[in-house]
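Source file final19.txt; content: compact mmCIF, C-alpha atoms.
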```txt
# COMPACT_ATOMS: atom_id res chain seq x y z
CA MET A 26 35.65 -17.38 -20.91
CA LYS A 27 36.36 -13.66 -20.58
CA ARG A 28 33.58 -12.84 -23.03
CA THR A 29 31.17 -15.01 -21.01
CA CYS A 30 32.10 -13.20 -17.79
CA MET A 31 31.52 -9.85 -19.43
CA THR A 32 28.17 -10.96 -20.79
CA ILE A 33 27.07 -12.21 -17.39
CA ALA A 34 28.18 -8.97 -15.73
CA LEU A 35 26.24 -6.89 -18.28
CA LEU A 36 23.11 -8.99 -17.79
CA LEU A 37 23.35 -8.63 -14.02
CA ALA A 38 23.67 -4.90 -14.35
CA ALA A 39 20.63 -4.80 -16.60
CA VAL A 40 18.60 -6.89 -14.14
CA VAL A 41 19.57 -4.75 -11.15
CA SER A 42 18.88 -1.48 -12.94
CA SER A 43 15.45 -2.68 -14.03
CA SER A 44 14.57 -3.80 -10.51
CA GLY A 45 15.81 -0.46 -9.20
CA ARG A 46 13.01 1.28 -11.01
CA ALA A 47 9.95 1.81 -8.81
CA GLN A 48 7.54 -1.09 -9.08
CA THR A 49 4.52 0.12 -10.94
CA ALA A 50 1.73 -1.34 -8.86
CA GLN A 51 -1.48 -2.50 -10.50
CA PRO A 52 -4.31 -0.40 -9.06
CA ALA A 53 -6.54 -2.38 -6.68
CA GLN A 54 -9.87 -3.34 -8.20
CA SER A 55 -12.72 -1.22 -6.88
CA PRO A 56 -15.66 -3.04 -5.27
CA PHE A 57 -17.98 -0.19 -6.24
CA PRO A 58 -19.51 0.38 -9.67
CA VAL A 59 -16.87 2.20 -11.67
CA THR A 60 -19.44 4.22 -13.66
CA ILE A 61 -20.99 5.63 -10.51
CA GLU A 62 -17.58 6.46 -9.11
CA LYS A 63 -16.70 8.41 -12.23
CA GLN A 64 -20.01 10.28 -12.27
CA LEU A 65 -19.78 11.22 -8.60
CA ALA A 66 -16.17 12.30 -9.00
CA GLU A 67 -17.12 14.55 -11.91
CA ARG A 68 -19.88 16.21 -9.91
CA ALA A 69 -17.92 16.52 -6.66
CA ALA A 70 -16.12 19.68 -5.62
CA ASN A 71 -13.48 17.42 -4.19
CA TYR A 72 -13.21 13.72 -3.60
CA THR A 73 -10.98 11.17 -1.94
CA GLU A 74 -10.46 7.66 -3.23
CA VAL A 75 -8.36 5.17 -1.32
CA SER A 76 -7.97 1.61 -2.58
CA LEU A 77 -5.69 -0.68 -0.66
CA ASP A 78 -5.64 -4.34 -1.50
CA ARG A 79 -3.92 -7.04 0.49
CA ARG A 80 -0.54 -6.44 -1.10
CA MET A 81 -0.60 -2.71 -0.40
CA LEU A 82 -1.79 -3.22 3.17
CA ASP A 83 1.07 -5.65 3.79
CA PHE A 84 3.51 -3.21 2.23
CA ALA A 85 2.18 -0.25 4.24
CA SER A 86 2.19 -2.14 7.53
CA ARG A 87 5.96 -2.63 7.15
CA PHE A 88 6.31 1.13 7.49
CA MET A 89 3.84 1.59 10.35
CA ASN A 90 6.38 1.46 13.12
CA ASP A 91 5.47 4.55 15.12
CA LYS A 92 3.97 4.00 18.55
CA ASP A 93 0.72 5.61 17.36
CA ASP A 94 0.48 3.24 14.41
CA ALA A 95 0.52 0.07 16.51
CA GLU A 96 -3.23 -0.50 16.74
CA GLY A 97 -3.86 0.49 13.15
CA LYS A 98 -1.11 -1.87 12.05
CA ARG A 99 -2.53 -4.75 14.05
CA ILE A 100 -5.90 -4.32 12.39
CA VAL A 101 -4.83 -3.80 8.79
CA GLU A 102 -2.42 -6.72 8.93
CA LYS A 103 -5.40 -9.08 8.99
CA LEU A 104 -7.45 -7.34 6.32
CA ASN A 105 -7.74 -8.20 2.65
CA GLY A 106 -8.61 -4.72 1.49
CA VAL A 107 -9.78 -1.26 2.47
CA TYR A 108 -11.65 0.86 -0.03
CA VAL A 109 -12.85 4.37 0.72
CA ARG A 110 -14.72 6.79 -1.49
CA SER A 111 -15.61 10.18 -0.11
CA TYR A 112 -17.22 12.92 -2.19
CA GLU A 113 -17.91 16.50 -1.17
CA PHE A 114 -20.26 18.59 -3.24
CA ASP A 115 -20.65 22.34 -3.31
CA LYS A 116 -24.44 22.18 -3.20
CA PRO A 117 -27.14 19.65 -2.35
CA GLY A 118 -28.79 17.56 -5.04
CA GLN A 119 -25.57 16.57 -6.84
CA TYR A 120 -26.31 12.88 -6.40
CA THR A 121 -29.52 10.91 -6.53
CA GLU A 122 -31.01 8.15 -4.45
CA ALA A 123 -30.51 5.89 -7.46
CA ASP A 124 -26.76 6.55 -7.31
CA VAL A 125 -26.64 5.51 -3.68
CA GLU A 126 -28.88 2.52 -4.32
CA SER A 127 -26.63 1.28 -7.11
CA VAL A 128 -23.75 1.13 -4.62
CA ARG A 129 -25.89 -0.40 -1.88
CA ARG A 130 -27.03 -3.10 -4.30
CA GLN A 131 -23.48 -4.51 -4.42
CA PHE A 132 -24.01 -5.60 -0.85
CA ASP A 133 -27.56 -6.84 -1.22
CA THR A 134 -26.58 -10.50 -1.24
CA PRO A 135 -27.31 -13.29 1.26
CA GLU A 136 -23.80 -13.04 2.69
CA TRP A 137 -24.36 -9.50 3.80
CA THR A 138 -26.49 -8.50 6.75
CA SER A 139 -27.79 -5.02 7.21
CA LEU A 140 -27.04 -3.89 10.73
CA VAL A 141 -27.87 -0.22 10.56
CA LYS A 142 -30.30 1.40 8.19
CA THR A 143 -31.46 4.95 8.58
CA ARG A 144 -33.44 6.63 5.85
CA SER A 145 -34.54 10.14 5.23
CA ARG A 146 -37.44 11.14 3.09
CA ASP A 147 -35.38 12.45 0.22
CA GLY A 148 -32.46 10.05 0.59
CA SER A 149 -30.01 12.81 1.41
CA ASP A 150 -29.45 11.81 5.01
CA ASP A 151 -29.13 8.03 4.94
CA ALA A 152 -26.79 5.69 6.71
CA ASP A 153 -26.05 2.00 6.37
CA ILE A 154 -23.78 -0.51 7.97
CA TYR A 155 -23.60 -3.97 6.44
CA MET A 156 -21.57 -6.86 7.73
CA LYS A 157 -20.52 -9.97 5.91
CA LEU A 158 -20.90 -12.98 8.14
CA VAL A 159 -19.26 -16.26 7.21
CA ASN A 160 -19.73 -19.07 9.72
CA GLY A 161 -20.66 -16.52 12.34
CA GLU A 162 -17.47 -14.52 11.84
CA VAL A 163 -17.33 -11.07 10.37
CA GLN A 164 -15.45 -11.12 7.09
CA GLY A 165 -16.30 -7.68 5.80
CA MET A 166 -17.94 -4.39 6.56
CA PHE A 167 -19.62 -1.79 4.41
CA ILE A 168 -20.42 1.65 5.73
CA LEU A 169 -22.39 4.26 3.87
CA SER A 170 -23.12 7.78 4.97
CA ALA A 171 -25.15 10.09 2.79
CA GLU A 172 -25.57 13.76 3.60
CA PRO A 173 -26.83 16.61 1.46
CA LYS A 174 -23.35 17.72 0.44
CA GLU A 175 -21.28 14.69 1.28
CA LEU A 176 -21.33 11.04 0.35
CA THR A 177 -19.00 8.40 1.75
CA PHE A 178 -18.63 4.68 1.18
CA VAL A 179 -16.22 2.48 3.09
CA TYR A 180 -15.70 -1.17 2.31
CA ILE A 181 -13.43 -3.23 4.52
CA SER A 182 -12.70 -6.75 3.38
CA GLY A 183 -11.43 -9.27 5.86
CA PRO A 184 -11.88 -10.16 9.50
CA ILE A 185 -12.75 -6.81 11.04
CA ARG A 186 -14.30 -7.32 14.40
CA PRO A 187 -16.32 -4.73 16.26
CA GLU A 188 -13.75 -5.14 19.04
CA ASP A 189 -11.16 -3.84 16.57
CA LEU A 190 -13.15 -0.63 16.35
CA LYS A 191 -12.92 -0.41 20.11
CA ASP A 192 -9.15 -0.67 19.87
CA LEU A 193 -9.14 2.16 17.40
CA SER A 194 -11.40 4.31 19.55
CA GLY A 195 -9.77 7.60 20.20
CA ASN A 196 -7.47 7.15 17.21
CA PHE A 197 -8.07 8.29 13.67
CA GLY A 198 -11.28 10.07 14.73
CA ILE A 199 -13.15 6.85 15.48
CA PRO A 200 -15.72 7.60 18.18
CA ALA A 201 -15.24 5.81 21.46
CA ASP A 202 -18.76 4.37 21.48
CA SER A 203 -18.81 3.08 17.93
CA TYR A 204 -17.66 -0.18 19.50
CA GLY A 205 -20.92 -0.38 21.49
CA LEU A 206 -22.99 0.33 18.42
CA ALA A 207 -21.30 -2.32 16.32
CA VAL A 208 -21.27 -5.00 19.05
CA LYS A 209 -24.99 -4.55 19.70
CA GLU A 210 -25.73 -4.88 16.04
CA LYS A 211 -23.45 -7.88 15.61
CA ASP A 212 -25.16 -9.67 18.48
CA LYS A 213 -28.55 -8.93 16.91
CA ALA A 214 -27.41 -10.31 13.58
CA GLN A 215 -26.00 -13.47 15.14
CA LYS A 216 -29.21 -14.06 17.11
CA LYS A 217 -31.20 -13.58 13.91
CA ALA A 218 -28.98 -16.06 12.09
CA ALA A 219 -29.36 -18.57 14.95
CA LYS A 220 -33.16 -18.15 14.94
CA SER A 221 -33.46 -18.81 11.24
CA THR A 222 -31.26 -21.93 11.62
CA ASP A 223 -33.51 -23.23 14.45
CA LYS A 224 -36.62 -22.48 12.42
CA GLY A 225 -35.23 -24.39 9.49
CA GLN A 226 -34.47 -27.39 11.70
CA GLN A 227 -37.97 -27.34 13.25
CA GLU A 228 -39.61 -27.23 9.84
CA GLY A 229 -37.49 -30.16 8.80
CA GLN A 230 -38.81 -32.26 11.65
CA PRO A 231 -41.74 -34.61 10.88
CA MET B 4 93.09 -18.44 -45.05
CA ILE B 5 92.17 -15.54 -47.11
CA GLU B 6 89.79 -13.23 -45.21
CA ASP B 7 87.59 -11.27 -47.38
CA ALA B 8 86.80 -7.67 -46.70
CA PHE B 9 83.42 -8.52 -45.21
CA GLU B 10 84.72 -10.88 -42.62
CA LYS B 11 87.47 -8.48 -41.71
CA ASP B 12 84.96 -5.66 -41.29
CA LEU B 13 82.64 -7.81 -39.22
CA ARG B 14 85.47 -8.88 -36.90
CA GLU B 15 86.46 -5.28 -36.46
CA GLN B 16 82.88 -4.26 -35.56
CA LEU B 17 82.36 -7.06 -33.09
CA ARG B 18 85.69 -6.55 -31.38
CA THR B 19 85.31 -5.97 -27.65
CA ARG B 20 85.81 -2.38 -26.74
CA GLU B 21 86.31 -0.83 -23.42
CA ALA B 22 83.35 1.23 -22.14
CA PRO B 23 84.05 4.95 -21.89
CA GLY B 24 85.08 6.15 -18.45
CA GLY B 25 82.32 6.58 -15.91
CA PHE B 26 79.82 4.74 -18.09
CA ALA B 27 78.84 2.27 -15.38
CA ASP B 28 78.40 5.07 -12.84
CA ARG B 29 76.22 7.08 -15.19
CA VAL B 30 73.99 4.05 -15.92
CA MET B 31 73.60 3.22 -12.22
CA THR B 32 72.70 6.85 -11.45
CA ARG B 33 69.96 6.84 -14.06
CA VAL B 34 68.63 3.51 -12.88
CA ALA B 35 68.37 4.84 -9.31
CA ALA B 36 66.60 8.04 -10.49
CA LYS B 37 63.93 6.35 -12.65
CA PRO B 38 61.12 4.73 -10.54
CA ALA B 39 60.56 1.10 -11.09
CA ARG B 40 57.69 0.49 -13.42
CA ARG B 41 55.03 -1.50 -11.56
CA ARG B 42 53.70 -4.37 -13.33
CA TRP B 43 49.88 -4.30 -13.55
CA PRO B 44 48.67 -7.39 -11.63
CA GLY B 45 45.62 -7.66 -13.83
CA PHE B 46 45.10 -11.35 -13.23
CA GLY B 47 45.12 -11.71 -16.92
CA MET B 48 42.74 -8.81 -17.61
CA PRO B 49 43.78 -5.45 -18.96
CA VAL B 50 43.03 -2.20 -17.12
CA TRP B 51 40.09 -1.18 -19.25
CA ARG B 52 38.21 -4.40 -18.50
CA TRP B 53 38.71 -3.91 -14.81
CA ALA B 54 37.38 -0.37 -15.20
CA VAL B 55 34.28 -1.65 -16.96
CA ALA B 56 33.70 -4.27 -14.26
CA ALA B 57 34.15 -1.64 -11.54
CA LEU B 58 31.62 0.62 -13.30
CA LEU B 59 29.12 -2.22 -13.48
CA VAL B 60 29.50 -3.04 -9.81
CA ALA B 61 29.17 0.64 -8.92
CA GLY B 62 26.04 0.80 -11.07
CA MET B 63 24.56 -2.20 -9.28
CA VAL B 64 25.29 -0.74 -5.86
CA LEU B 65 23.86 2.66 -6.78
CA GLY B 66 20.82 0.99 -8.30
CA SER B 67 20.26 -0.97 -5.13
CA VAL B 68 20.57 2.13 -2.95
CA GLU B 69 18.16 4.05 -5.16
CA HIS B 70 15.76 1.10 -5.11
CA ASP B 71 15.76 1.09 -1.30
CA ARG B 72 15.17 4.83 -1.20
CA GLU B 73 12.25 4.55 -3.62
CA GLN B 74 10.77 1.65 -1.65
CA ARG B 75 10.90 3.72 1.52
CA ARG B 76 9.16 6.65 -0.20
CA GLU B 77 6.43 4.37 -1.53
CA GLY B 78 6.07 2.74 1.85
CA GLU B 79 5.53 6.10 3.51
CA ARG B 80 2.93 6.99 0.89
CA ALA B 81 1.13 3.68 1.48
CA ARG B 82 1.21 4.26 5.24
CA GLU B 83 -0.36 7.69 4.81
CA GLN B 84 -3.06 6.17 2.62
CA VAL B 85 -3.88 3.60 5.32
CA LEU B 86 -4.07 6.28 8.01
CA LEU B 87 -6.27 8.42 5.77
CA ALA B 88 -8.58 5.46 5.14
CA LEU B 89 -8.86 4.77 8.87
CA ARG B 90 -9.56 8.44 9.61
CA ILE B 91 -12.33 8.60 7.02
CA THR B 92 -13.75 5.31 8.35
CA GLY B 93 -13.80 6.81 11.81
CA ALA B 94 -15.48 9.99 10.67
CA THR B 95 -18.07 8.01 8.70
CA LEU B 96 -18.87 5.81 11.68
CA ARG B 97 -19.26 8.93 13.78
CA ASP B 98 -21.74 10.33 11.25
CA VAL B 99 -23.68 7.06 11.26
CA GLN B 100 -23.65 7.06 15.06
CA GLU B 101 -25.11 10.58 15.10
CA LYS B 102 -27.84 9.61 12.66
CA VAL B 103 -28.72 6.52 14.71
CA ASP B 104 -28.73 8.56 17.90
CA ALA B 105 -30.93 11.19 16.25
CA GLU B 106 -33.34 8.47 15.10
CA SER B 107 -33.38 6.86 18.56
CA GLY B 108 -34.03 10.24 20.11
CA GLN B 109 -36.97 10.81 17.80
CA GLU B 110 -38.38 7.35 18.51
CA THR B 111 -38.08 7.94 22.25
CA ARG B 112 -39.82 11.29 21.95
CA LYS B 113 -42.65 9.74 19.86
CA GLN B 114 -43.13 6.92 22.36
CA SER B 115 -43.11 9.20 25.38
CA GLY B 116 -45.50 11.59 23.60
CA GLY B 117 -47.88 8.67 22.90
CA MET B 118 -47.71 7.50 26.53
CA ASP B 119 -48.49 11.00 27.80
CA ARG B 120 -51.54 11.17 25.56
CA GLU B 121 -52.72 7.72 26.80
CA GLY B 122 -52.18 8.85 30.39
CA GLN B 123 -54.24 11.95 29.78
CA ALA B 124 -56.96 9.96 27.99
CA GLN B 125 -57.27 7.58 30.96
CA GLU B 126 -57.67 10.45 33.32
```

As structure tokens - that is how I would like this structure written.
Amino acid sequence: MKRTCMTIALLLAAVVSSSGRAQTAQPAQSPFPVTIEKQLAERAANYTEVSLDRRMLDFASRFMNDKDDAEGKRIVEKLNGVYVRSYEFDKPGQYTEADVESVRRQFDTPEWTSLVKTRSRDGSDDADIYMKLVNGEVQGMFILSAEPKELTFVYISGPIRPEDLKDLSGNFGIPADSYGLAVKEKDKAQKKAAKSTDKGQQEGQP
Amino acid sequence: MIEDAFEKDLREQLRTREAPGGFADRVMTRVAAKPARRRWPGFGMPVWRWAVAALLVAGMVLGSVEHDREQRREGERAREQVLLALRITGATLRDVQEKVDAESGQETRKQSGGMDREGQAQE
């Protein structure tokens, strides 16, 4: 009996001490091509990579209790992931249009709708915003900004609404009128989706 | 009855003798001076086992405290990552906005330039 109690106590101590060690989190899987990420990181003077999956967002939101964090917390609580890659180069020409295209291609599927597309002649001043629409609701956003010495990709997975950007306006550097931009584009995309549905129905009619 | 030497000797040794004078007083004085030895309650376990159990409990408590502290540190790091991600998202949207505005501005200038030329041509 005494030996059993001792054994149980030792096992409990072992369990508690092992749980006391910091949980080694599995890194969130990147939605961008890993090869391109590595190449860009090697060429960049400095780079920032943030990968937050659902688990990490839930964990972080538990610690976002400041008054200033309220809006950010409300938004990230609904999301499934936020992935940011930002590369700064010391001179132009450190990335090619093919590099950017290989990232863009990940979002060239029927689920994704291109809302904003600006192109420069040499591909060094491009911008894209893609939205993933499922049953008319936004379930993801991809933002790309390419400049001669800077390249940034942002992928947000989950129900991010343009109105959420409005709520963030003025915080975290988000411009106050980005809401207007995104709402206009969302309305355009929804009208386009509605038109193609109507067209399909008309063609189906005898 | 013939007593042999052994029995005689034994009787002599076991004969009651008076205690020396003051013996009882001396004993009682020493009893009063010496503190009573406390009996270890133990509940059936010796001291060293209790010490081991106490160490284990202390280890568990310390482990739990350290775990909480580490969780809080990781939570703060995660929070900073979220805020960084939102800041970069904001800056990127601002860049896109500027590009779109620049493009719109160019389009407007092209259109108004074309209209001016048409106006002049009509005249």

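Reported to one decimal place, the separation of CA of Tyr155 in chain A from CA of Lys116 in chain A is 27.9 Å.
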
Ala171 in chain A surroundings by all atoms listed in the file, 9 Å radius, close-in-sequence under 5 positions cut, as a list in words
Val125, Gly148, Ser149, Asp150, Asp151, Ala152, Asp153, Leu176, Thr177 and Phe178 of chain A

Could you pull the residues within 7 Å of Glu136 in chain A, counting all atoms listed in the file, minus those fewer than 2 positions along the same chain, as a PyMOL selection string?
chain A and resi 134+138+157-158

Find the residues in chain B near chain A: any atom within 10 Å counts, using all atoms listed in the file. Write them as a count of residues only.
53

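Here CA of Thr121 in chain A stands at a distance of 23.2 Å from CA of Met166 in chain A.
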
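For range 127-129 of chain A, the set of protein, DNA and RNA residues having any atom at most 8 Å away, when counting all atoms listed in the file and skipping those fewer than 4 positions along the same chain, is Phe57, Pro58, Ile61, Ala123 and Asp133 of chain A.
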
Take the selection from the previous step and output its residues with C-alpha atoms, as a PDB file, keeping the file's coordinate frame.
```
ATOM      1  CA  PHE A  57     -17.980  -0.190  -6.240  1.00  0.00           C
ATOM      2  CA  PRO A  58     -19.510   0.380  -9.670  1.00  0.00           C
ATOM      3  CA  ILE A  61     -20.990   5.630 -10.510  1.00  0.00           C
ATOM      4  CA  ALA A 123     -30.510   5.890  -7.460  1.00  0.00           C
ATOM      5  CA  ASP A 133     -27.560  -6.840  -1.220  1.00  0.00           C
TER       6      ASP A 133
END
```

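The space separating CA of Gln164 in chain A from CA of Asp104 in chain B comes to 26.1 Å.
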
Export range 22-35 of chain B of the preceding structure, keeping N, CA and C atoms, as a compact mmCIF listing (two decimals), in the first residue's frame.
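Just written: part_12.txt:
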```
# COMPACT_ATOMS: atom_id res chain seq x y z
N ALA B 22 16.14 1.98 49.21
CA ALA B 22 16.84 2.89 48.28
C ALA B 22 17.70 3.84 49.10
N PRO B 23 18.81 4.30 48.53
CA PRO B 23 19.64 5.25 49.28
C PRO B 23 18.84 6.53 49.52
N GLY B 24 19.25 7.31 50.51
CA GLY B 24 18.49 8.49 50.88
C GLY B 24 18.47 9.53 49.77
N GLY B 25 17.30 10.11 49.57
CA GLY B 25 17.18 11.16 48.55
C GLY B 25 17.10 10.63 47.14
N PHE B 26 17.02 9.34 46.98
CA PHE B 26 17.00 8.74 45.64
C PHE B 26 15.77 9.19 44.87
N ALA B 27 14.62 9.10 45.54
CA ALA B 27 13.36 9.48 44.87
C ALA B 27 13.40 10.95 44.45
N ASP B 28 13.92 11.79 45.34
CA ASP B 28 13.99 13.23 45.01
C ASP B 28 14.88 13.47 43.80
N ARG B 29 16.01 12.78 43.79
CA ARG B 29 16.95 12.98 42.67
C ARG B 29 16.31 12.54 41.36
N VAL B 30 15.61 11.43 41.37
CA VAL B 30 14.95 10.92 40.14
C VAL B 30 13.90 11.92 39.65
N MET B 31 13.07 12.41 40.63
CA MET B 31 12.01 13.34 40.22
C MET B 31 12.59 14.63 39.66
N THR B 32 13.71 15.07 40.22
CA THR B 32 14.36 16.30 39.72
C THR B 32 14.81 16.11 38.27
N ARG B 33 15.40 14.96 38.00
CA ARG B 33 15.87 14.70 36.63
C ARG B 33 14.73 14.55 35.65
N VAL B 34 13.68 13.94 36.12
CA VAL B 34 12.48 13.79 35.25
C VAL B 34 11.95 15.17 34.87
N ALA B 35 11.86 16.05 35.86
CA ALA B 35 11.33 17.41 35.60
C ALA B 35 12.24 18.17 34.63
```
